[in-house]
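With PDB, C-alpha atoms inside, this is target.pdb:
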MODEL        1
ATOM      1  CA  MET A   1     125.853 -61.113 184.942
ATOM      2  CA  ARG A   2     123.317 -59.156 182.915
ATOM      3  CA  LEU A   3     123.551 -57.073 179.756
ATOM      4  CA  LEU A   4     120.058 -55.574 179.973
ATOM      5  CA  ASN A   5     120.045 -51.773 180.195
ATOM      6  CA  PRO A   6     119.274 -50.612 183.793
ATOM      7  CA  GLN A   7     116.326 -48.549 182.538
ATOM      8  CA  LEU A   8     114.875 -51.563 180.719
ATOM      9  CA  ALA A   9     115.496 -53.759 183.754
ATOM     10  CA  ALA A  10     113.497 -51.309 185.886
ATOM     11  CA  PHE A  11     110.739 -51.194 183.266
ATOM     12  CA  VAL A  12     110.383 -54.997 183.213
ATOM     13  CA  ALA A  13     110.533 -55.223 187.012
ATOM     14  CA  VAL A  14     107.714 -52.686 187.474
ATOM     15  CA  LEU A  15     105.431 -54.642 185.136
ATOM     16  CA  ASP A  16     106.437 -58.040 186.542
ATOM     17  CA  GLU A  17     105.880 -56.945 190.142
ATOM     18  CA  GLY A  18     102.914 -54.678 189.450
ATOM     19  CA  SER A  19     104.313 -51.663 191.303
ATOM     20  CA  PHE A  20     107.310 -49.370 191.652
ATOM     21  CA  GLU A  21     107.741 -50.544 195.259
ATOM     22  CA  GLY A  22     107.846 -54.195 194.215
ATOM     23  CA  ALA A  23     110.374 -53.402 191.484
ATOM     24  CA  ALA A  24     112.505 -51.536 194.027
ATOM     25  CA  ARG A  25     112.569 -54.554 196.343
ATOM     26  CA  ARG A  26     113.458 -56.880 193.482
ATOM     27  CA  LEU A  27     116.318 -54.700 192.213
ATOM     28  CA  SER A  28     117.496 -53.561 195.679
ATOM     29  CA  LEU A  29     116.838 -49.924 194.831
ATOM     30  CA  THR A  30     114.562 -47.206 196.172
ATOM     31  CA  PRO A  31     111.151 -46.554 194.578
ATOM     32  CA  SER A  32     112.465 -43.095 193.702
ATOM     33  CA  ALA A  33     115.379 -44.605 191.767
ATOM     34  CA  ILE A  34     112.972 -46.895 189.887
ATOM     35  CA  SER A  35     110.747 -43.924 189.058
ATOM     36  CA  GLN A  36     113.723 -41.937 187.789
ATOM     37  CA  ARG A  37     114.807 -44.797 185.512
ATOM     38  CA  ILE A  38     111.318 -45.218 184.087
ATOM     39  CA  LYS A  39     110.988 -41.468 183.536
ATOM     40  CA  ALA A  40     114.389 -41.358 181.816
ATOM     41  CA  LEU A  41     113.385 -44.252 179.537
ATOM     42  CA  GLU A  42     110.092 -42.536 178.679
ATOM     43  CA  ASP A  43     111.892 -39.243 177.969
ATOM     44  CA  ARG A  44     114.395 -41.101 175.814
ATOM     45  CA  LEU A  45     111.678 -42.834 173.743
ATOM     46  CA  GLY A  46     109.284 -39.886 173.794
ATOM     47  CA  GLN A  47     106.321 -41.958 174.999
ATOM     48  CA  VAL A  48     104.587 -42.880 178.237
ATOM     49  CA  LEU A  49     105.315 -46.571 178.830
ATOM     50  CA  VAL A  50     103.771 -47.375 182.228
ATOM     51  CA  LEU A  51     100.344 -46.541 183.627
ATOM     52  CA  ARG A  52     100.853 -45.429 187.228
ATOM     53  CA  GLN A  53      98.021 -47.426 188.757
ATOM     54  CA  SER A  54      97.588 -50.516 190.917
ATOM     55  CA  PRO A  55      98.745 -52.819 189.507
ATOM     56  CA  SER A  56     101.067 -50.985 187.130
ATOM     57  CA  ARG A  57     100.206 -51.754 183.508
ATOM     58  CA  PRO A  58     101.923 -50.995 180.195
ATOM     59  CA  THR A  59     100.533 -48.442 177.775
ATOM     60  CA  PRO A  60     100.193 -49.602 174.125
ATOM     61  CA  ALA A  61     103.735 -48.312 173.546
ATOM     62  CA  GLY A  62     104.850 -50.109 176.693
ATOM     63  CA  GLU A  63     103.311 -53.350 175.432
ATOM     64  CA  ARG A  64     105.348 -53.134 172.239
ATOM     65  CA  LEU A  65     108.520 -52.493 174.210
ATOM     66  CA  LEU A  66     107.769 -55.247 176.734
ATOM     67  CA  ARG A  67     107.324 -57.856 174.005
ATOM     68  CA  GLY A  68     110.766 -57.097 172.653
ATOM     69  CA  VAL A  69     112.440 -56.868 176.045
ATOM     70  CA  GLN A  70     110.972 -60.181 177.238
ATOM     71  CA  GLN A  71     112.444 -61.899 174.198
ATOM     72  CA  MET A  72     115.784 -60.107 174.668
ATOM     73  CA  ARG A  73     115.886 -61.192 178.307
ATOM     74  CA  LEU A  74     115.335 -64.860 177.453
ATOM     75  CA  LEU A  75     117.895 -64.897 174.649
ATOM     76  CA  GLU A  76     120.369 -62.970 176.783
ATOM     77  CA  ALA A  77     120.195 -65.558 179.552
ATOM     78  CA  GLU A  78     120.781 -68.389 177.087
ATOM     79  CA  ILE A  79     123.652 -66.653 175.292
ATOM     80  CA  LEU A  80     125.447 -65.696 178.520
ATOM     81  CA  GLY A  81     125.029 -69.269 179.764
ATOM     82  CA  ASP A  82     126.909 -70.521 176.713
ATOM     83  CA  PHE A  83     129.850 -68.180 177.400
ATOM     84  CA  LEU A  84     130.245 -68.688 181.144
ATOM     85  CA  VAL A  85     133.243 -70.767 182.134
ATOM     86  CA  GLU A  86     132.751 -73.820 184.326
ATOM     87  CA  THR A  87     133.696 -71.935 187.501
ATOM     88  CA  GLU A  88     130.896 -69.439 186.954
ATOM     89  CA  ARG A  89     127.303 -70.283 187.667
ATOM     90  CA  ALA A  90     124.778 -69.338 185.010
ATOM     91  CA  ALA A  91     121.639 -67.582 186.258
ATOM     92  CA  PRO A  92     118.543 -69.801 185.849
ATOM     93  CA  VAL A  93     116.410 -69.048 182.821
ATOM     94  CA  THR A  94     112.844 -67.996 183.737
ATOM     95  CA  ILE A  95     110.006 -68.654 181.288
ATOM     96  CA  SER A  96     106.820 -66.633 181.802
ATOM     97  CA  ILE A  97     103.681 -68.435 180.635
ATOM     98  CA  ALA A  98      99.914 -67.973 180.899
ATOM     99  CA  VAL A  99      97.832 -71.020 181.819
ATOM    100  CA  ASN A 100      94.166 -71.628 182.513
ATOM    101  CA  ALA A 101      93.465 -72.820 186.068
ATOM    102  CA  ASP A 102      92.029 -76.208 185.067
ATOM    103  CA  SER A 103      95.094 -77.140 183.018
ATOM    104  CA  LEU A 104      97.336 -76.021 185.874
ATOM    105  CA  ALA A 105      95.362 -78.192 188.307
ATOM    106  CA  THR A 106      95.396 -81.287 186.102
ATOM    107  CA  TRP A 107      98.345 -81.718 183.718
ATOM    108  CA  VAL A 108     100.555 -78.664 183.256
ATOM    109  CA  LEU A 109     102.614 -78.942 186.459
ATOM    110  CA  GLY A 110     103.787 -82.418 185.483
ATOM    111  CA  ALA A 111     104.870 -81.042 182.124
ATOM    112  CA  LEU A 112     106.826 -78.149 183.664
ATOM    113  CA  ALA A 113     108.564 -80.419 186.190
ATOM    114  CA  GLU A 114     110.547 -82.193 183.472
ATOM    115  CA  PRO A 115     112.431 -79.198 181.994
ATOM    116  CA  HIS A 116     112.963 -77.889 185.525
ATOM    117  CA  ARG A 117     114.612 -81.139 186.663
ATOM    118  CA  ARG A 118     116.625 -81.609 183.479
ATOM    119  CA  ASP A 119     117.614 -78.047 182.629
ATOM    120  CA  GLY A 120     116.950 -75.998 185.766
ATOM    121  CA  LEU A 121     114.331 -73.825 184.073
ATOM    122  CA  LEU A 122     112.222 -71.606 186.316
ATOM    123  CA  PHE A 123     108.633 -70.571 185.567
ATOM    124  CA  ASP A 124     106.601 -67.449 186.133
ATOM    125  CA  VAL A 125     103.073 -68.846 185.709
ATOM    126  CA  ARG A 126     100.183 -66.406 185.255
ATOM    127  CA  VAL A 127      96.709 -67.912 185.730
ATOM    128  CA  GLU A 128      94.020 -66.595 183.405
ATOM    129  CA  ASP A 129      90.835 -67.880 181.780
ATOM    130  CA  GLN A 130      91.661 -69.924 178.676
ATOM    131  CA  ASP A 131      89.668 -67.512 176.509
ATOM    132  CA  HIS A 132      91.840 -64.610 177.684
ATOM    133  CA  THR A 133      95.375 -66.011 178.076
ATOM    134  CA  ALA A 134      96.309 -64.815 174.573
ATOM    135  CA  ASP A 135      95.833 -61.237 175.810
ATOM    136  CA  LEU A 136      98.921 -61.722 178.006
ATOM    137  CA  LEU A 137     100.883 -62.676 174.897
ATOM    138  CA  ARG A 138      99.675 -59.582 173.096
ATOM    139  CA  ASP A 139     100.695 -57.213 175.863
ATOM    140  CA  GLY A 140     104.106 -58.847 176.243
ATOM    141  CA  SER A 141     103.562 -60.175 179.782
ATOM    142  CA  VAL A 142     104.367 -63.786 178.838
ATOM    143  CA  LEU A 143     106.404 -65.725 176.291
ATOM    144  CA  GLY A 144     103.823 -68.473 175.810
ATOM    145  CA  ALA A 145     100.194 -69.218 176.629
ATOM    146  CA  ILE A 146      97.746 -72.103 176.701
ATOM    147  CA  THR A 147      94.716 -70.696 174.925
ATOM    148  CA  THR A 148      91.509 -71.591 173.111
ATOM    149  CA  ASP A 149      92.462 -69.306 170.224
ATOM    150  CA  ALA A 150      93.839 -71.149 167.189
ATOM    151  CA  ARG A 151      94.583 -67.864 165.422
ATOM    152  CA  PRO A 152      98.207 -66.920 166.044
ATOM    153  CA  VAL A 153      98.924 -63.723 167.890
ATOM    154  CA  GLN A 154     101.134 -61.600 165.639
ATOM    155  CA  GLY A 155     104.707 -62.852 165.921
ATOM    156  CA  CYS A 156     103.675 -66.148 167.537
ATOM    157  CA  THR A 157     103.620 -69.846 166.615
ATOM    158  CA  VAL A 158     100.620 -72.077 167.410
ATOM    159  CA  LYS A 159     100.748 -75.761 168.397
ATOM    160  CA  THR A 160      97.625 -77.896 168.842
ATOM    161  CA  LEU A 161      97.524 -79.517 172.288
ATOM    162  CA  GLY A 162      94.205 -81.369 172.371
ATOM    163  CA  VAL A 163      90.729 -81.131 173.812
ATOM    164  CA  MET A 164      89.695 -80.720 177.451
ATOM    165  CA  ARG A 165      86.238 -82.177 177.992
ATOM    166  CA  TYR A 166      83.946 -80.583 180.590
ATOM    167  CA  LEU A 167      80.948 -82.370 182.105
ATOM    168  CA  PRO A 168      77.969 -80.712 183.839
ATOM    169  CA  VAL A 169      77.962 -82.193 187.342
ATOM    170  CA  ALA A 170      76.351 -81.838 190.751
ATOM    171  CA  ALA A 171      75.873 -83.792 193.976
ATOM    172  CA  PRO A 172      73.236 -86.569 193.726
ATOM    173  CA  ASP A 173      70.874 -84.913 196.225
ATOM    174  CA  PHE A 174      71.252 -81.611 194.344
ATOM    175  CA  VAL A 175      70.289 -83.356 191.086
ATOM    176  CA  ALA A 176      67.281 -84.968 192.757
ATOM    177  CA  ARG A 177      66.184 -81.637 194.209
ATOM    178  CA  HIS A 178      66.684 -79.414 191.155
ATOM    179  CA  PHE A 179      66.694 -81.634 188.065
ATOM    180  CA  ALA A 180      64.287 -84.470 188.892
ATOM    181  CA  LYS A 181      62.178 -83.490 185.860
ATOM    182  CA  GLY A 182      65.188 -82.937 183.606
ATOM    183  CA  LEU A 183      67.011 -79.906 182.275
ATOM    184  CA  ASP A 184      65.010 -77.000 180.937
ATOM    185  CA  ALA A 185      64.844 -73.240 181.274
ATOM    186  CA  ALA A 186      62.861 -73.450 184.515
ATOM    187  CA  SER A 187      65.247 -75.833 186.302
ATOM    188  CA  LEU A 188      68.439 -74.128 185.061
ATOM    189  CA  GLY A 189      67.057 -70.724 185.992
ATOM    190  CA  ALA A 190      66.348 -71.803 189.578
ATOM    191  CA  ALA A 191      69.285 -74.111 190.376
ATOM    192  CA  PRO A 192      72.368 -72.441 191.929
ATOM    193  CA  MET A 193      75.323 -72.422 189.515
ATOM    194  CA  LEU A 194      79.050 -72.387 190.244
ATOM    195  CA  VAL A 195      81.178 -69.975 188.207
ATOM    196  CA  PHE A 196      84.973 -69.807 188.412
ATOM    197  CA  ASN A 197      85.120 -66.042 187.940
ATOM    198  CA  ARG A 198      83.437 -63.326 185.910
ATOM    199  CA  LYS A 199      85.364 -64.316 182.786
ATOM    200  CA  ASP A 200      84.219 -67.937 182.986
ATOM    201  CA  ALA A 201      81.750 -68.575 180.159
ATOM    202  CA  LEU A 202      81.586 -72.393 180.250
ATOM    203  CA  GLN A 203      78.437 -72.675 182.337
ATOM    204  CA  TRP A 204      76.694 -70.096 180.160
ATOM    205  CA  ARG A 205      77.742 -71.958 177.022
ATOM    206  CA  PHE A 206      76.184 -75.120 178.425
ATOM    207  CA  VAL A 207      72.988 -73.290 179.386
ATOM    208  CA  ARG A 208      72.703 -71.898 175.849
ATOM    209  CA  SER A 209      73.102 -75.430 174.463
ATOM    210  CA  VAL A 210      69.974 -76.416 176.422
ATOM    211  CA  THR A 211      67.824 -73.291 176.156
ATOM    212  CA  ARG A 212      67.900 -69.886 174.509
ATOM    213  CA  ALA A 213      65.870 -68.358 177.328
ATOM    214  CA  ARG A 214      67.400 -65.439 179.224
ATOM    215  CA  LEU A 215      68.219 -66.833 182.666
ATOM    216  CA  SER A 216      69.490 -65.311 185.902
ATOM    217  CA  PRO A 217      70.278 -68.293 188.141
ATOM    218  CA  PRO A 218      71.705 -67.905 191.643
ATOM    219  CA  MET A 219      75.523 -68.031 191.386
ATOM    220  CA  HIS A 220      78.535 -68.791 193.552
ATOM    221  CA  TYR A 221      81.959 -67.521 192.404
ATOM    222  CA  LEU A 222      84.726 -69.999 193.330
ATOM    223  CA  PRO A 223      88.101 -69.108 191.769
ATOM    224  CA  SER A 224      89.826 -72.445 192.459
ATOM    225  CA  SER A 225      89.663 -75.597 190.331
ATOM    226  CA  THR A 226      89.770 -77.958 193.312
ATOM    227  CA  ALA A 227      87.295 -75.857 195.336
ATOM    228  CA  PHE A 228      85.058 -75.771 192.274
ATOM    229  CA  VAL A 229      84.726 -79.567 192.227
ATOM    230  CA  GLU A 230      84.520 -79.753 196.026
ATOM    231  CA  GLY A 231      81.824 -77.073 196.107
ATOM    232  CA  ALA A 232      79.717 -79.028 193.634
ATOM    233  CA  ALA A 233      80.167 -82.207 195.710
ATOM    234  CA  LEU A 234      79.026 -80.303 198.819
ATOM    235  CA  GLY A 235      75.813 -79.259 197.066
ATOM    236  CA  LEU A 236      76.586 -75.572 196.556
ATOM    237  CA  GLY A 237      75.524 -75.785 192.929
ATOM    238  CA  TRP A 238      76.069 -77.453 189.575
ATOM    239  CA  ALA A 239      79.213 -76.783 187.536
ATOM    240  CA  MET A 240      81.137 -77.610 184.381
ATOM    241  CA  ALA A 241      84.158 -79.579 185.607
ATOM    242  CA  PRO A 242      87.101 -81.110 183.716
ATOM    243  CA  GLU A 243      86.558 -84.788 182.962
ATOM    244  CA  SER A 244      90.026 -85.593 184.307
ATOM    245  CA  MET A 245      89.075 -84.317 187.793
ATOM    246  CA  LEU A 246      85.900 -86.398 188.092
ATOM    247  CA  GLU A 247      87.028 -90.022 188.202
ATOM    248  CA  GLN A 248      87.301 -90.148 191.998
ATOM    249  CA  PRO A 249      84.116 -88.122 192.792
ATOM    250  CA  PHE A 250      82.139 -90.320 190.385
ATOM    251  CA  ALA A 251      83.569 -93.500 191.938
ATOM    252  CA  GLN A 252      82.776 -92.226 195.448
ATOM    253  CA  GLY A 253      79.280 -91.158 194.418
ATOM    254  CA  THR A 254      79.761 -87.559 195.542
ATOM    255  CA  LEU A 255      79.131 -86.186 192.043
ATOM    256  CA  GLN A 256      77.134 -87.261 189.017
ATOM    257  CA  PRO A 257      76.380 -85.772 185.594
ATOM    258  CA  ILE A 258      73.228 -83.681 185.454
ATOM    259  CA  ALA A 259      72.948 -84.569 181.751
ATOM    260  CA  PRO A 260      74.769 -87.859 180.975
ATOM    261  CA  ARG A 261      74.844 -87.342 177.209
ATOM    262  CA  ARG A 262      75.887 -83.690 177.225
ATOM    263  CA  TRP A 263      79.330 -82.135 177.560
ATOM    264  CA  LEU A 264      81.498 -79.318 176.222
ATOM    265  CA  ASP A 265      84.791 -79.945 174.434
ATOM    266  CA  VAL A 266      87.279 -77.087 174.703
ATOM    267  CA  PRO A 267      90.212 -77.213 172.248
ATOM    268  CA  LEU A 268      93.497 -75.993 173.695
ATOM    269  CA  TYR A 269      96.502 -74.579 171.872
ATOM    270  CA  TRP A 270      99.999 -73.546 172.898
ATOM    271  CA  GLN A 271     101.062 -70.203 171.469
ATOM    272  CA  HIS A 272     104.588 -68.872 171.951
ATOM    273  CA  TRP A 273     106.773 -66.161 170.529
ATOM    274  CA  SER A 274     108.527 -67.184 167.304
ATOM    275  CA  ILE A 275     112.095 -66.797 168.538
ATOM    276  CA  ARG A 276     115.042 -69.187 168.414
ATOM    277  CA  SER A 277     115.115 -70.105 172.086
ATOM    278  CA  THR A 278     116.348 -73.492 173.250
ATOM    279  CA  ALA A 279     114.558 -73.091 176.585
ATOM    280  CA  LEU A 280     111.247 -72.177 174.962
ATOM    281  CA  ALA A 281     111.574 -75.134 172.577
ATOM    282  CA  LYS A 282     112.093 -77.491 175.531
ATOM    283  CA  VAL A 283     108.994 -76.147 177.290
ATOM    284  CA  THR A 284     106.978 -76.507 174.091
ATOM    285  CA  ASP A 285     108.088 -80.125 173.686
ATOM    286  CA  ALA A 286     107.277 -80.961 177.320
ATOM    287  CA  LEU A 287     103.802 -79.415 177.090
ATOM    288  CA  GLN A 288     102.985 -81.207 173.850
ATOM    289  CA  ARG A 289     104.039 -84.605 175.225
ATOM    290  CA  ALA A 290     102.065 -84.101 178.445
ATOM    291  CA  ALA A 291      99.006 -82.936 176.500
ATOM    292  CA  ARG A 292      99.058 -86.081 174.349
ATOM    293  CA  GLN A 293      98.827 -88.149 177.528
ATOM    294  CA  SER A 294      96.242 -86.028 179.350
ATOM    295  CA  LEU A 295      93.921 -84.430 176.788
ATOM    296  CA  ARG A 296      91.561 -85.893 174.227
ATOM    297  CA  PRO A 297      92.860 -85.752 170.650
ATOM    298  CA  ALA A 298      91.843 -82.695 168.695
ATOM    299  CA  ARG A 299      89.311 -83.344 165.981
ATOM    300  CA  ALA A 300      90.530 -83.250 162.405
ATOM    301  CA  HIS A 301      89.051 -80.392 160.388
TER     302      HIS A 301
ENDMDL
END
Translate the structure of the given file into structure tokens.
Amino acid sequence: MRLLNPQLAAFVAVLDEGSFEGAARRLSLTPSAISQRIKALEDRLGQVLVLRQSPSRPTPAGERLLRGVQQMRLLEAEILGDFLVETERAAPVTISIAVNADSLATWVLGALAEPHRRDGLLFDVRVEDQDHTADLLRDGSVLGAITTDARPVQGCTVKTLGVMRYLPVAAPDFVARHFAKGLDAASLGAAPMLVFNRKDALQWRFVRSVTRARLSPPMHYLPSSTAFVEGAALGLGWAMAPESMLEQPFAQGTLQPIAPRRWLDVPLYWQHWSIRSTALAKVTDALQRAARQSLRPARAH
């Protein structure tokens, strides 16, 4: 059972799936029917809402609408669940969240497992760099995000999670080959560097903490947290890796710090829409409890 207007349902499906064809499959309609519903909604509101590109993206007006519809959809699912009789089965509530890859690979899945087991919540997890996850809140794609931004997105609440510490690491033979004389502009400019993707600024932040020289080191792009650590252990390059992923490689001797007294601390926050949602409150509680166990405490200001 759903109360959401068919035009709004098509609008959300197009943006969730990234295409009119994907929305058609999800709603068991034809792409033409989806297009007609979107066009009717745009005519009704007098604004273009969806950019017809791959993937489909909302216009600024579409972002404003999506934010409201996402909240309506969550509250609708909770309200209908309260009114269903015991013989009816409530549809599972889906929470869309944005998470950085390192948190997903280390502590977030354990946090999400609890509300799934207890309350049957489902999750639509979008992976994005921690410096950019808040953008998915702004455009209405998600209801909550793990982010480095302590400033609340308009209409959102911010909770401090803790600090993820990153260490500069490489394989022992790589360190001996490239950093035998220590870290400086010459060695960092010549040593291959691992970068998660083109939004990943951690390695560059570390380089700037050592030298202000303009460097162009050789780079590998490895968009996987586990492959990132494995690639460093295999000697592909040096990398900034989460402290929590390094206990075993350090014990096995496959990785070592390239600068034992240097690291980067990245504060993490949970931002979510300020709506009265029981499901969202349960996810917030689970994330905060897991963060207290897995992250370093945030520094007092």
Could you state which residues are captured by the PyMOL selection byres ((chain A and resi 51) around 12) in this file, as a PDB file with C-alpha atoms, in the frame of the given file?
ATOM      1  CA  PHE A  11     110.739 -51.194 183.266  1.00  0.00           C
ATOM      2  CA  VAL A  14     107.714 -52.686 187.474  1.00  0.00           C
ATOM      3  CA  LEU A  15     105.431 -54.642 185.136  1.00  0.00           C
ATOM      4  CA  GLY A  18     102.914 -54.678 189.450  1.00  0.00           C
ATOM      5  CA  SER A  19     104.313 -51.663 191.303  1.00  0.00           C
ATOM      6  CA  PHE A  20     107.310 -49.370 191.652  1.00  0.00           C
ATOM      7  CA  ILE A  38     111.318 -45.218 184.087  1.00  0.00           C
ATOM      8  CA  LYS A  39     110.988 -41.468 183.536  1.00  0.00           C
ATOM      9  CA  GLU A  42     110.092 -42.536 178.679  1.00  0.00           C
ATOM     10  CA  GLN A  47     106.321 -41.958 174.999  1.00  0.00           C
ATOM     11  CA  VAL A  48     104.587 -42.880 178.237  1.00  0.00           C
ATOM     12  CA  LEU A  49     105.315 -46.571 178.830  1.00  0.00           C
ATOM     13  CA  VAL A  50     103.771 -47.375 182.228  1.00  0.00           C
ATOM     14  CA  ARG A  52     100.853 -45.429 187.228  1.00  0.00           C
ATOM     15  CA  GLN A  53      98.021 -47.426 188.757  1.00  0.00           C
ATOM     16  CA  SER A  54      97.588 -50.516 190.917  1.00  0.00           C
ATOM     17  CA  PRO A  55      98.745 -52.819 189.507  1.00  0.00           C
ATOM     18  CA  SER A  56     101.067 -50.985 187.130  1.00  0.00           C
ATOM     19  CA  ARG A  57     100.206 -51.754 183.508  1.00  0.00           C
ATOM     20  CA  PRO A  58     101.923 -50.995 180.195  1.00  0.00           C
ATOM     21  CA  THR A  59     100.533 -48.442 177.775  1.00  0.00           C
ATOM     22  CA  PRO A  60     100.193 -49.602 174.125  1.00  0.00           C
ATOM     23  CA  ALA A  61     103.735 -48.312 173.546  1.00  0.00           C
ATOM     24  CA  GLY A  62     104.850 -50.109 176.693  1.00  0.00           C
ATOM     25  CA  GLU A  63     103.311 -53.350 175.432  1.00  0.00           C
TER      26      GLU A  63
END
Write out as a ChimeraX atom specification the residues lying within 9 Å of segment 233-244 of chain A, counting only C-alpha atoms and excluding same-chain residues fewer than 3 positions away.
/A:102-103,106,164-175,191-195,202-203,206,218-220,225,228-230,247,249,254-256,258,263-264,294-295
Pick from A:Ala290, A:Ala77, A:Leu104, A:Val93: nearest to Thr226 of chain A, with all atoms listed in the file counted?
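Smallest distance to Thr226 of chain A is found for A:Leu104.
Nearest to Thr133 of chain A of all the residues A:Ile34, A:Leu41, A:Ala98, A:Ala279 is A:Ala98, based on only C-alpha atoms.
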Residues returned when the PyMOL selection byres ((chain A and resi 271-275) around 7) runs on this file, as a ChimeraX atom specification:
/A:143-146,152,155-159,269-270,276-277
So the first atom is atom CA of Lys199 of chain A and the second is atom CA of Asp129 of chain A; what is the distance between them in Å, to one decimal place?
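Answer for the atom CA of Lys199 of chain A to atom CA of Asp129 of chain A separation: 6.6 Å.
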In Å, with one decimal, what is the gap from atom CA of Ser35 of chain A to atom CA of Val127 of chain A?
28.0 Å
Enter the distance from atom CA of Leu121 of chain A to atom CA of Val283 of chain A, in Å, rounded to one decimal.
8.9 Å
Nearest to Leu122 of chain A: which of A:Ala186, A:Leu66, A:Val99, A:Leu280 is it, counting only C-alpha atoms?
A:Leu280
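Across the chains present, the PyMOL selection byres ((chain A and resi 141) around 9) applied to this file returns Leu15, Asp16, Glu63, Leu66, Arg67, Gln70, Ser96, Ile97, Ala98, Arg126, Asp135, Leu136, Leu137, Arg138, Asp139, Gly140, Val142 and Leu143 of chain A.
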